[in-house]
Amino acid sequence: MGVRTWIDSWPVYRQLTGTDPLGRGAAAKSGHSARLTPRVASADRVVKSVCPYCAVGCGQNVYVQDEKVTQIEGDPDSPISRGRLCPKGAASLQLTTGDAREHQVLYRRPHGTEWERLDLDTAMDMIADRVIATRRDGWQWEADGTRTRRTLGIASLGGATLDNEENYLIKKLFTALGAIQIENQARV
Amino acid sequence: MAECHPVGFQWVMEAKARGAKLIHVDPRFTRTSALADLHVPLRAGTDIAFLGGIINYVLRQEKYFRDYIVAYSNAPMILREDFRDTEDLAGVFSGLDTDSHSYDSNSWQYEGSEVQAASGERDQEYEERSDGGSSVTEAARGEAHGAGGAVIGEGEPERDETLTHPRCVFQVLKRHYARYTPEMVERICGVPQELFRQVCELVTENSGRERTTAFAYAVGWTQHTVGVQYIRAASVLQTLLGNIGRPGGGILALRGHASIQGSTDIPTLFNLLPGYIPMPHAHQNQDLEAFVEAEATHKGYWGNMRSYLVSLLKAYWGDAATAENDFCFDYLPRLTGSHSTYETTMAQLEGVCKGYFLIGENPAVGNANSKLMRLGMANLDWLVVRDFSLIESATWWKDGPEIETGELRTEDIGTEVFFLPAAAHTEKDGSFTNTQRLLQWHHQAVEPPGEARSDLWFTYHLGRIIRQKLAGSGDEMDRPVLDLAWDYPTKGRLAEPDAEAVLAEVNGHDAEGNPLSSYEQLKPDGSTACGCWIYCGVYADGVNQAARRKPGREQDWVAAEWAWAWPANRRILYNRASADPGGRPWSERKALVWWDPDKGEQGEWTGHDVPDFKKDKAPDHEPAEDASGPEALSGTDPFIMQADGKAWLYVPSGLTDGPLPAHYEPQDSPFPNLLYDQQRNPVRQLLPPHPDNRYQPSGDEPGSGVFPYVATTYRLTEHHTAGGMSRWQPYLAELQPEFFCEVSPELAAERGLAHTGWATIVSARGVIEARVLVTDRMTPLTVHGRRLHQVGLPYHWGPNGYSTGDAANELLHLSLDPNTHIQETKAFAVDIRAGRRPRGPASLALVRAYRIRAGIDEHTGTEP
């Protein structure tokens, strides 16, 4: 290493001689930090999305590398949010990729004291059986002599963080099943 | 707004930078107050008194926008002679039946006509309108059927454009609000008269031809036993001031979930079908014809309800829906009263409802009276929870509060629980509808991990499996399932249904399968199919309009090419009202849409936004006498969804609890009602008595002093609702690590509460503990001449996740708005004391001791 290079590598020298007299930018950069690139720079693609928290609907850019989400940032194109996100929106990388998410189906049998594993297909099949049986048990053609054609056995609650398309299918399926207690955060 | 919708709040700051004045009305001083010109702390639960005071100021000082209300509101309409206001009946309206806790709304109608509501309880007038066919009223809350006598048919209501007839809406309004004086506002709300005068002046100075004022509320306004009437009070005020349908005006609901607007538009709600078509109630001999006749309006866009409904039935049942079988109208299950989420809990406790799906919802801590929610779930046969993490609603059987108190034992609970991991928004395609009615598409970035799946996947495949299992069934009850149009293309390794195919079905298509572009194209004869009429056009030309993303900086201020707003990509509803009756903007600075006589063949509506009016309907258009539906709207009827085309200062039909907002005290209140003898909303919805849902004495009733403080619940910036999407995130948990309450230094001194120490908070329902935040942000108020302290309770918590604490909802009762069946979580009464709460059975004993001290039994607080 030449003397010149050695002196240049000294932050205080760069601070005194360079364009960064306060030492808060270029002067303070080490060789290591100078070589760093933002994690979004190497992303394979940027996918346009919308923040899943409140109803403002801020635009999000989702960065994907090796089929994994590596970063989520505000979308400057959005006329609603102009690139900004609040603390929750800015934490949506943890929401979507954090280790607090469950990846497996869990099952608690009646009177059971612990969770058990169940594979998804079996769970779907068991749930379908229960829907059919409970629907039938709670079926009501009439109430006080007036046609009702429904079941009071099955209810559902949820939907305000769901997509429109998901809510559409939920309402359609449950209505066809004759279930009426189909409810949502919008009433809570 | 700065706390809960921070990114939306940037636009309020933009307006402020251009000279707008910002008023923040809230019991607490928040980040919003810090940036406001005026912070007005008031007692939680008194907003109608506050807004009523402003209405009174507007009427007395003649600050209303006279030309606007004469032309565009129902101010000139004359009411029936038998209508009696709260002024005449000591705080209630005519038609009250105290035995059934309901109103007969017949006397609220206009003279000489009968008008049908465009929303709300449209079934109210069913019998009169359908020529018989009695309705089942086994749970008739909110049904309020008339006892007959109403005029059948729809005449022209009588009008007095001088607004001087003693029975015209304007004069009734004036008399109704005369008692809402500044002195009353001060005594009830705790807002000093000088501060209140400043509010009145700021609002009225900034309204009129040249200026507009906007009201924004977070949905806390809906969480009262008079929630709808809160918003009605704002509607009355904004209509009087001419602030509806104009840029910079309006009443903006700041909703708290990404698609909570969407989930009311395409509802997962018991009383609605997509596009706000009511779910049918059970009536004798009800066919499609009778239903439409009873529920549709004669005039306005609801006059085309049959087209919307038939198109929906075609989307649901496809080829099986034919003119011969009434388009499968009979397949729709029927309501008998209210079946809301809280009645569902009662049905679980009764053993009627046995299977329950929770889809991104956490009622075990997020619903009022969380304990009842858990007890209901403990009485189920099976429960399916779909979420990201193990929320409290999935684990209550193992570690819920009732296990600790010994009220439940895990081994005794028979509920079978399925936990299915859900896919995140980055792992699926789909649209959210934001709080401005804007549908925005989010694209899938990656596949969901492990067994996580979208709710689209879950619902589609559940339906597919059920249909497989029922295939070949000859049972009539299975026909609607087997006839259902349920063929969605799937893609990829996981067989994910194509969300865009679902969007296309929602948009609708003609008989040849071509996508529709407008609800004006929908037909009553089954030749069109459309899953949600107000969303028709979102897939116009086969293009996903919700996915449009032309950058904002490349567009004008309307940004019409970013995503798609329902209806018809209109950004401001009822914007015909932004122009005067002649079609010219009220003022150049507030121009939005206007009539251009030189455009088109004989003139056209044009402007910055998509006109919310028939494009070629001239301002001087008078409909033919026999016209109906949209054709019956005149050129000066901007409120095109209303049966009379006008903004309603007074509601002649559709509300269960009165045609005008009146101040009633919350269900649990330390104060008597100073305005009327009537203490509480006489028709508020109380659920059947349950030992864990006791109400408290109020006002002057003995025992009221046991719960001397007003409490309110709210959200923080760093958490979301019941915490399912925030308490498991390390960043957010670090920012707000545990449950706390906010109290003033004065209250802290009164009760010996230490900053960062513990407090125990008690109601007749439950007891919780919280860390104490002593702060000047909680302002003590002088109410009814005495010092009142309020306790602030953010409600995000439960025992699971990284950020933990008791759920504020343990304290709450179930007393609901009778129109919406929403619980009163924003104003109630509690006691607070220093220290941690007792553990185990001792916590039950504490609550019991409070009930005994306050003399509480099953009758307390249930008087009409």
# chains A, B, ... in the order shown; residues from 1 in each chain; ligands from 1
call {"tool": "residues_around", "arguments": {"residues": "Tyr68 of chain B", "least_positions_apart": "6", "cutoff": "9 Å", "atoms": "only C-alpha atoms", "output": "list in words"}}
result
Thr239, Leu240, Leu241, Gly242, Ala577, Asp580 and Pro581 of chain B
call {"tool": "select_by_dssp", "arguments": {"residues": "segment 11-188 of chain A", "states": "helix (DSSP H, G or I)", "output": "MDAnalysis selection string"}}
result
chainID A and resid 11:17 26:28 31:35 87:90 92:97 120:137 164:177 185:187
call {"tool": "residues_around", "arguments": {"residues": "Arg122 of chain B", "least_positions_apart": "6", "cutoff": "10 Å", "atoms": "only C-alpha atoms", "output": "list in words"}}
result
Gln116, Glu143, Ile277, Pro278, Ala294, Glu295, Ala296, Thr297, Ser653, Gly654 and Leu655 of chain B
call {"tool": "residues_around", "arguments": {"residues": "Gln60 of chain A", "least_positions_apart": "4", "cutoff": "10 Å", "atoms": "only C-alpha atoms", "output": "list in words"}}
result
Val46, Val47, Lys48, Ser49, Val50, Cys51, Pro52, Ile72, Glu73, Gly74, Asp75, Pro76, Asp77, Ser78, Ser81, Gly83, Arg84, Leu85, Gly89, Ala90 and Ser92 of chain A; Thr426 and His442 of chain B
call {"tool": "atom_distance", "arguments": {"atom1": "atom CA of Ala546 of chain B", "atom2": "atom CA of Gly59 of chain A"}}
result
12.7 Å
call {"tool": "closest_residue", "arguments": {"among": "B:Gly583, B:Gly337, B:Pro745, B:Gly95", "to": "chain A", "atoms": "only C-alpha atoms"}}
result
B:Gly337
call {"tool": "closest_residue", "arguments": {"among": "B:Cys189, B:Ala748, B:Ala364, B:Ala499", "to": "chain A", "atoms": "only C-alpha atoms"}}
result
B:Ala499
call {"tool": "residues_around", "arguments": {"residues": "Ala49 of chain B", "least_positions_apart": "2", "cutoff": "8 Å", "atoms": "only C-alpha atoms", "output": "PyMOL selection string"}}
result
chain B and resi 46-47+51-53+180+184-185+188-189+662-663
call {"tool": "closest_atom_pairs", "arguments": {"of": "segment 191-304 of chain B", "to": "segment 551-572 of chain B", "cutoff": "10 Å", "atoms": "only C-alpha atoms", "output": "JSON lines"}}
result
{"residue": "B:Ile244", "atom": "CA", "partner": "B:Ile572", "partner_atom": "CA", "distance": 9.2}
{"residue": "B:Gly245", "atom": "CA", "partner": "B:Ile572", "partner_atom": "CA", "distance": 6.3}
{"residue": "B:Arg246", "atom": "CA", "partner": "B:Ile572", "partner_atom": "CA", "distance": 7.5}
{"residue": "B:Pro247", "atom": "CA", "partner": "B:Ile572", "partner_atom": "CA", "distance": 7.5}
{"residue": "B:Gly248", "atom": "CA", "partner": "B:Ile572", "partner_atom": "CA", "distance": 9.8}
{"residue": "B:Gly249", "atom": "CA", "partner": "B:Ile572", "partner_atom": "CA", "distance": 9.5}
{"residue": "B:Gly250", "atom": "CA", "partner": "B:Ile572", "partner_atom": "CA", "distance": 8.8}
{"residue": "B:Asp265", "atom": "CA", "partner": "B:Trp566", "partner_atom": "CA", "distance": 9.5}
call {"tool": "write_last_selection", "arguments": {"atoms": "N, CA and C atoms", "output": "PDB file, in the first residue's frame"}}
result
ATOM      1  N   ILE B 244     -71.340  18.098  -0.190  1.00  0.00           N
ATOM      2  CA  ILE B 244     -71.380  16.727  -0.698  1.00  0.00           C
ATOM      3  C   ILE B 244     -71.361  16.762  -2.226  1.00  0.00           C
ATOM      4  N   GLY B 245     -70.586  15.863  -2.812  1.00  0.00           N
ATOM      5  CA  GLY B 245     -70.495  15.775  -4.276  1.00  0.00           C
ATOM      6  C   GLY B 245     -69.582  16.829  -4.863  1.00  0.00           C
ATOM      7  N   ARG B 246     -68.827  17.489  -4.017  1.00  0.00           N
ATOM      8  CA  ARG B 246     -67.954  18.571  -4.481  1.00  0.00           C
ATOM      9  C   ARG B 246     -66.507  18.293  -4.070  1.00  0.00           C
ATOM     10  N   PRO B 247     -65.537  18.771  -4.851  1.00  0.00           N
ATOM     11  CA  PRO B 247     -64.143  18.506  -4.491  1.00  0.00           C
ATOM     12  C   PRO B 247     -63.790  19.161  -3.158  1.00  0.00           C
ATOM     13  N   GLY B 248     -63.069  18.434  -2.341  1.00  0.00           N
ATOM     14  CA  GLY B 248     -62.692  18.960  -1.029  1.00  0.00           C
ATOM     15  C   GLY B 248     -63.790  18.813   0.000  1.00  0.00           C
ATOM     16  N   GLY B 249     -64.903  18.200  -0.368  1.00  0.00           N
ATOM     17  CA  GLY B 249     -66.004  18.009   0.574  1.00  0.00           C
ATOM     18  C   GLY B 249     -66.148  16.552   0.959  1.00  0.00           C
ATOM     19  N   GLY B 250     -67.337  16.196   1.397  1.00  0.00           N
ATOM     20  CA  GLY B 250     -67.626  14.801   1.677  1.00  0.00           C
ATOM     21  C   GLY B 250     -67.446  14.388   3.119  1.00  0.00           C
ATOM     22  N   ASP B 265     -68.635  -4.263  -0.314  1.00  0.00           N
ATOM     23  CA  ASP B 265     -69.129  -4.197  -1.699  1.00  0.00           C
ATOM     24  C   ASP B 265     -69.467  -5.601  -2.208  1.00  0.00           C
TER      25      ASP B 265
END
call {"tool": "residues_around", "arguments": {"residues": "Gly57 of chain A", "least_positions_apart": "6", "cutoff": "8 Å", "atoms": "only C-alpha atoms", "output": "ChimeraX atom specification"}}
result
/A:50-51,80-81 /B:258,432-435,440
call {"tool": "closest_residue", "arguments": {"among": "A:Gln140, A:Gln65, A:Arg135, A:Leu22", "to": "Leu177 of chain A", "atoms": "only C-alpha atoms"}}
result
A:Arg135
